[in-house]
$ cat target17.cif   # mmCIF, C-alpha atoms
data_entry
#
loop_
_atom_site.label_atom_id
_atom_site.label_comp_id
_atom_site.auth_asym_id
_atom_site.auth_seq_id
_atom_site.Cartn_x
_atom_site.Cartn_y
_atom_site.Cartn_z
CA MET A 2 112.72 -174.80 -32.67
CA GLU A 3 114.58 -172.24 -30.57
CA ALA A 4 113.35 -173.47 -27.16
CA ILE A 5 113.82 -177.15 -28.02
CA LEU A 6 117.38 -176.57 -29.26
CA LYS A 7 118.22 -174.51 -26.18
CA TYR A 8 117.62 -177.55 -23.95
CA PHE A 9 118.44 -180.34 -26.41
CA PRO A 10 121.39 -179.12 -28.53
CA GLU A 11 122.40 -182.73 -29.20
CA LEU A 12 119.55 -183.32 -31.68
CA THR A 13 120.60 -184.71 -35.06
CA ASP A 14 119.76 -182.88 -38.30
CA SER A 15 117.09 -185.49 -38.96
CA GLN A 16 115.46 -184.89 -35.54
CA LYS A 17 115.59 -181.13 -36.06
CA GLN A 18 113.79 -181.60 -39.35
CA GLN A 19 111.15 -183.79 -37.69
CA PHE A 20 110.48 -181.26 -34.91
CA LYS A 21 110.25 -178.51 -37.52
CA LEU A 22 107.67 -180.63 -39.34
CA LEU A 23 105.69 -181.12 -36.10
CA GLU A 24 105.61 -177.35 -35.67
CA GLU A 25 104.07 -177.05 -39.14
CA LEU A 26 101.69 -180.03 -39.07
CA TYR A 27 99.95 -179.46 -35.73
CA PRO A 28 98.73 -175.90 -36.49
CA GLU A 29 97.61 -177.13 -39.91
CA TRP A 30 95.58 -179.95 -38.38
CA ASN A 31 94.34 -177.81 -35.50
CA SER A 32 92.48 -175.56 -37.91
CA LYS A 33 90.40 -178.65 -38.87
CA ILE A 34 90.34 -180.74 -35.67
CA ASN A 35 90.77 -179.09 -32.30
CA VAL A 36 93.54 -181.17 -30.67
CA ILE A 37 95.10 -178.18 -28.92
CA SER A 38 93.19 -175.22 -27.53
CA ARG A 39 92.86 -172.64 -30.32
CA LYS A 40 94.29 -169.99 -27.99
CA ASP A 41 97.25 -172.20 -27.14
CA ILE A 42 98.35 -173.36 -30.60
CA GLU A 43 100.75 -170.40 -30.90
CA ASN A 44 102.54 -171.81 -27.83
CA LEU A 45 102.91 -175.24 -29.42
CA GLU A 46 106.68 -175.48 -29.08
CA VAL A 47 106.96 -174.71 -25.36
CA ASN A 48 103.58 -175.83 -23.98
CA HIS A 49 103.29 -179.07 -25.93
CA LEU A 50 106.49 -180.23 -27.64
CA LEU A 51 108.97 -179.13 -24.97
CA HIS A 52 106.55 -180.09 -22.21
CA SER A 53 106.39 -183.64 -23.61
CA LEU A 54 110.19 -183.76 -23.61
CA GLY A 55 110.17 -183.07 -19.86
CA ILE A 56 110.05 -186.87 -19.49
CA VAL A 57 113.52 -187.02 -21.13
CA LYS A 58 114.88 -184.90 -18.28
CA PHE A 59 113.50 -187.39 -15.76
CA VAL A 60 114.62 -190.67 -17.36
CA LYS A 61 116.66 -191.58 -20.43
CA PHE A 62 114.87 -194.50 -22.10
CA GLN A 63 117.20 -197.27 -23.26
CA PRO A 64 116.92 -198.57 -26.86
CA GLY A 65 114.27 -201.29 -27.01
CA THR A 66 112.10 -199.74 -24.28
CA LYS A 67 108.35 -200.09 -24.89
CA VAL A 68 106.12 -197.18 -23.89
CA LEU A 69 102.32 -196.92 -23.86
CA ASP A 70 100.84 -193.41 -24.13
CA LEU A 71 97.46 -193.47 -22.41
CA GLY A 72 94.92 -190.92 -23.66
CA THR A 73 97.38 -189.58 -26.21
CA GLY A 74 94.90 -187.28 -28.00
CA GLY A 75 96.82 -185.79 -30.92
CA GLY A 76 100.01 -187.55 -29.85
CA PHE A 77 101.28 -185.94 -26.65
CA PRO A 78 103.64 -186.78 -25.09
CA ALA A 79 104.44 -189.78 -27.35
CA ILE A 80 105.09 -188.12 -30.73
CA PRO A 81 107.78 -185.67 -29.51
CA LEU A 82 109.29 -188.51 -27.45
CA ALA A 83 109.29 -190.79 -30.51
CA VAL A 84 111.29 -188.17 -32.41
CA PHE A 85 113.77 -187.95 -29.55
CA TYR A 86 113.99 -191.73 -29.08
CA PRO A 87 113.97 -193.41 -32.52
CA GLU A 88 114.99 -196.76 -30.96
CA VAL A 89 112.12 -196.80 -28.44
CA GLN A 90 108.68 -198.20 -29.35
CA PHE A 91 105.62 -196.06 -28.60
CA HIS A 92 102.04 -197.39 -28.62
CA LEU A 93 99.42 -194.62 -28.56
CA VAL A 94 95.89 -195.31 -27.34
CA ASP A 95 92.86 -193.04 -27.14
CA ARG A 96 89.09 -193.39 -27.30
CA ILE A 97 88.66 -190.35 -29.58
CA GLY A 98 89.25 -191.47 -33.17
CA LYS A 99 89.44 -188.04 -34.79
CA LYS A 100 92.34 -187.01 -32.53
CA LEU A 101 94.17 -190.24 -33.32
CA LYS A 102 93.78 -189.42 -37.01
CA VAL A 103 95.93 -186.35 -36.36
CA ALA A 104 98.53 -188.38 -34.44
CA GLN A 105 98.63 -190.98 -37.22
CA ASP A 106 99.11 -188.41 -39.97
CA VAL A 107 101.78 -186.48 -38.06
CA ALA A 108 103.67 -189.71 -37.26
CA GLU A 109 103.56 -190.84 -40.89
CA LYS A 110 104.61 -187.49 -42.35
CA ALA A 111 107.44 -187.19 -39.83
CA GLY A 112 108.61 -190.70 -40.79
CA LEU A 113 108.19 -192.14 -37.29
CA THR A 114 108.44 -195.91 -37.75
CA ASN A 115 108.52 -196.46 -33.96
CA VAL A 116 104.89 -195.43 -33.41
CA THR A 117 101.77 -197.63 -33.40
CA ILE A 118 98.25 -196.39 -32.78
CA GLN A 119 95.18 -198.03 -31.25
CA HIS A 120 91.68 -196.57 -31.19
CA GLY A 121 89.83 -197.74 -28.10
CA ASP A 122 89.92 -198.12 -24.35
CA VAL A 123 93.09 -198.94 -22.41
CA LYS A 124 91.27 -202.09 -21.17
CA GLU A 125 91.53 -203.41 -24.75
CA VAL A 126 95.32 -202.96 -24.91
CA LYS A 127 97.32 -206.19 -24.98
CA GLY A 128 101.00 -206.81 -24.37
CA LYS A 129 103.56 -205.57 -21.87
CA PHE A 130 105.26 -202.19 -21.61
CA ASP A 131 108.15 -200.82 -19.61
CA PHE A 132 106.42 -197.52 -18.98
CA VAL A 133 102.97 -195.99 -19.31
CA VAL A 134 103.05 -192.24 -19.91
CA SER A 135 100.21 -189.75 -19.84
CA ARG A 136 99.70 -186.03 -19.95
CA ALA A 137 96.99 -184.59 -17.71
CA VAL A 138 94.60 -187.46 -18.45
CA MET A 139 93.21 -188.53 -15.07
CA ASP A 140 94.12 -188.89 -11.38
CA LEU A 141 96.78 -191.42 -10.39
CA ALA A 142 94.21 -193.38 -8.35
CA ASP A 143 92.18 -193.89 -11.55
CA ILE A 144 95.11 -194.69 -13.84
CA VAL A 145 96.98 -197.22 -11.67
CA PRO A 146 94.29 -199.97 -11.67
CA LEU A 147 93.94 -199.61 -15.46
CA VAL A 148 97.62 -199.98 -16.31
CA ARG A 149 99.19 -202.17 -13.61
CA ARG A 150 98.63 -205.37 -15.64
CA LEU A 151 100.41 -203.84 -18.65
CA ILE A 152 103.73 -203.18 -16.90
CA SER A 153 106.53 -205.63 -17.68
CA SER A 154 108.55 -207.10 -14.81
CA ASP A 155 111.81 -206.88 -16.81
CA ASN A 156 113.58 -203.72 -15.70
CA PHE A 157 116.48 -202.41 -17.75
CA ASN A 158 116.17 -198.62 -17.47
CA ALA A 159 117.71 -196.37 -14.82
CA VAL A 160 114.42 -196.32 -12.90
CA PRO A 161 112.10 -199.33 -12.38
CA ASN A 162 109.21 -199.78 -14.81
CA GLY A 163 106.06 -197.87 -14.00
CA LEU A 164 103.84 -194.88 -14.65
CA ILE A 165 105.14 -191.44 -15.70
CA CYS A 166 102.63 -188.58 -15.80
CA LEU A 167 103.01 -184.95 -16.80
CA LYS A 168 100.89 -182.90 -14.42
CA GLY A 169 100.50 -179.38 -13.08
CA GLY A 170 99.28 -177.51 -10.03
CA ASP A 171 98.84 -178.71 -6.45
CA LEU A 172 99.05 -182.51 -6.38
CA LYS A 173 99.03 -182.97 -2.61
CA ASN A 174 95.66 -184.72 -2.42
CA GLU A 175 96.18 -186.74 -5.57
CA VAL A 176 99.49 -188.26 -4.48
CA GLN A 177 98.49 -188.80 -0.83
CA LYS A 178 97.51 -192.43 -1.41
CA PHE A 179 100.90 -193.17 -3.00
CA LYS A 180 103.03 -190.88 -0.83
CA ASP A 181 105.61 -193.53 0.11
CA GLU A 182 106.26 -194.55 -3.52
CA VAL A 183 105.59 -191.53 -5.70
CA LEU A 184 108.40 -189.31 -6.94
CA ILE A 185 107.70 -185.75 -8.13
CA ASP A 186 110.23 -183.96 -10.32
CA GLU A 187 109.71 -180.22 -10.86
CA LEU A 188 110.14 -179.23 -14.51
CA LYS A 189 111.11 -175.69 -13.51
CA SER A 190 114.44 -177.24 -12.44
CA TYR A 191 115.18 -177.89 -16.13
CA PHE A 192 113.12 -175.42 -18.15
CA LYS A 193 113.12 -171.71 -17.34
CA GLU A 194 110.00 -170.61 -19.27
CA PRO A 195 107.13 -169.36 -16.98
CA PHE A 196 104.86 -172.16 -18.29
CA PHE A 197 106.89 -174.72 -16.32
CA GLU A 198 106.61 -172.98 -12.96
CA THR A 199 103.90 -175.41 -11.77
CA LYS A 200 104.57 -178.35 -14.14
CA LYS A 201 105.82 -181.67 -12.82
CA VAL A 202 106.79 -185.19 -13.81
CA VAL A 203 105.05 -187.64 -11.48
CA TYR A 204 106.57 -191.13 -11.37
CA LEU A 205 105.18 -194.22 -9.70
CA PRO A 206 106.93 -197.61 -9.92
CA LEU A 207 104.47 -200.45 -10.66
#
$ encode --input "target17.cif" --output "structure tokens"
Amino acid sequence: MEAILKYFPELTDSQKQQFKLLEELYPEWNSKINVISRKDIENLEVNHLLHSLGIVKFVKFQPGTKVLDLGTGGGFPAIPLAVFYPEVQFHLVDRIGKKLKVAQDVAEKAGLTNVTIQHGDVKEVKGKFDFVVSRAVMDLADIVPLVRRLISSDNFNAVPNGLICLKGGDLKNEVQKFKDEVLIDELKSYFKEPFFETKKVVYLPL
């Protein structure tokens, strides 16, 4: 909890308890189902929970915002975001059922009533969302055609509705196609841990 509280001291007691629970539940599950690299599970707080909260530093979601987490796996970035934003709705989709089982259990045990889960392909998702988020799932050029139809035209957040991805490394080639629209926010501007040196929030209005 130390790193999360350093950057988000405003958390309520209830949210602190939920994050503490996440830090207990994920290692427990990871010993049965590998949702996080076995070598990386000891870095859960910084590399996964805090990393997911990088999106909070980029945009503050308004109450009532609807967010789709594409390729959520065990629930990243949506589950940490759902703790932070209890009045925002998160819909998690993934094709791997066993990973979703982890996300479902963690969400239930943490008392997250703002989370829904769908096993299947993003092409099967119905409805409209203000934002689609993803964490190192696929290239922008592959994601955009899949999610464009799901983005609502009603904008009420500080940035227009669209796609928000957590990515790392050199993105020059990947963003080339979208260079006039894409916005890249360096997470090292907010978080000082070495892990964030190459991590970015990539935003594309849709």
$ closest_residue --input "target17.cif" --among "A:Asp106, A:Glu24, A:Asp143, A:Glu125" --to "Leu51 of chain A" --atoms "only C-alpha atoms"
A:Glu24
$ closest_residue --input "target17.cif" --among "A:Asn48, A:Gln16, A:Gln119, A:Asn31" --to "Asp70 of chain A" --atoms "all atoms listed in the file"
A:Gln119
$ residues_around --input "target17.cif" --residues "Glu29 of chain A" --least-positions-apart "4" --cutoff "12 Å" --atoms "only C-alpha atoms" --output "list in words"
Leu22, Leu23, Glu24, Glu25, Lys33, Ile34, Asn35, Val36, Ile37, Arg39, Ile42, Glu43, Leu45, Val103, Asp106 and Val107 of chain A
$ residues_around --input "target17.cif" --residues "segment 134-142 of chain A" --least-positions-apart "6" --cutoff "9 Å" --atoms "all atoms listed in the file" --output "PyMOL selection string"
chain A and resi 53+56+68-73+77-79+163-169+175-176+178-179+205
$ resolve_selection --input "target17.cif" --expression "the PyMOL selection byres ((chain A and resi 192) around 10)" --output "PyMOL selection string"
chain A and resi 4+7-8+47+51-52+55+58+187-191+193-198+200
$ closest_residue --input "target17.cif" --among "A:Ala111, A:Ile118, A:Leu184, A:Leu207" --to "Ser153 of chain A" --atoms "all atoms listed in the file"
A:Leu207
$ atom_distance --input "target17.cif" --atom1 "atom CA of Leu6 of chain A" --atom2 "atom CA of Pro28 of chain A"
20.0 Å
$ closest_residue --input "target17.cif" --among "A:Val89, A:Phe9, A:Gly121, A:Tyr27" --to "Leu54 of chain A" --atoms "only C-alpha atoms"
A:Phe9
$ atom_distance --input "target17.cif" --atom1 "atom CA of Leu101 of chain A" --atom2 "atom CA of Trp30 of chain A"
11.6 Å
$ closest_residue --input "target17.cif" --among "A:Tyr204, A:Tyr86, A:Phe157, A:Phe62" --to "Asn115 of chain A" --atoms "all atoms listed in the file"
A:Tyr86
$ closest_residue --input "target17.cif" --among "A:Asn44, A:Asn158, A:Gln105, A:Ser38" --to "Met2 of chain A" --atoms "only C-alpha atoms"
A:Asn44
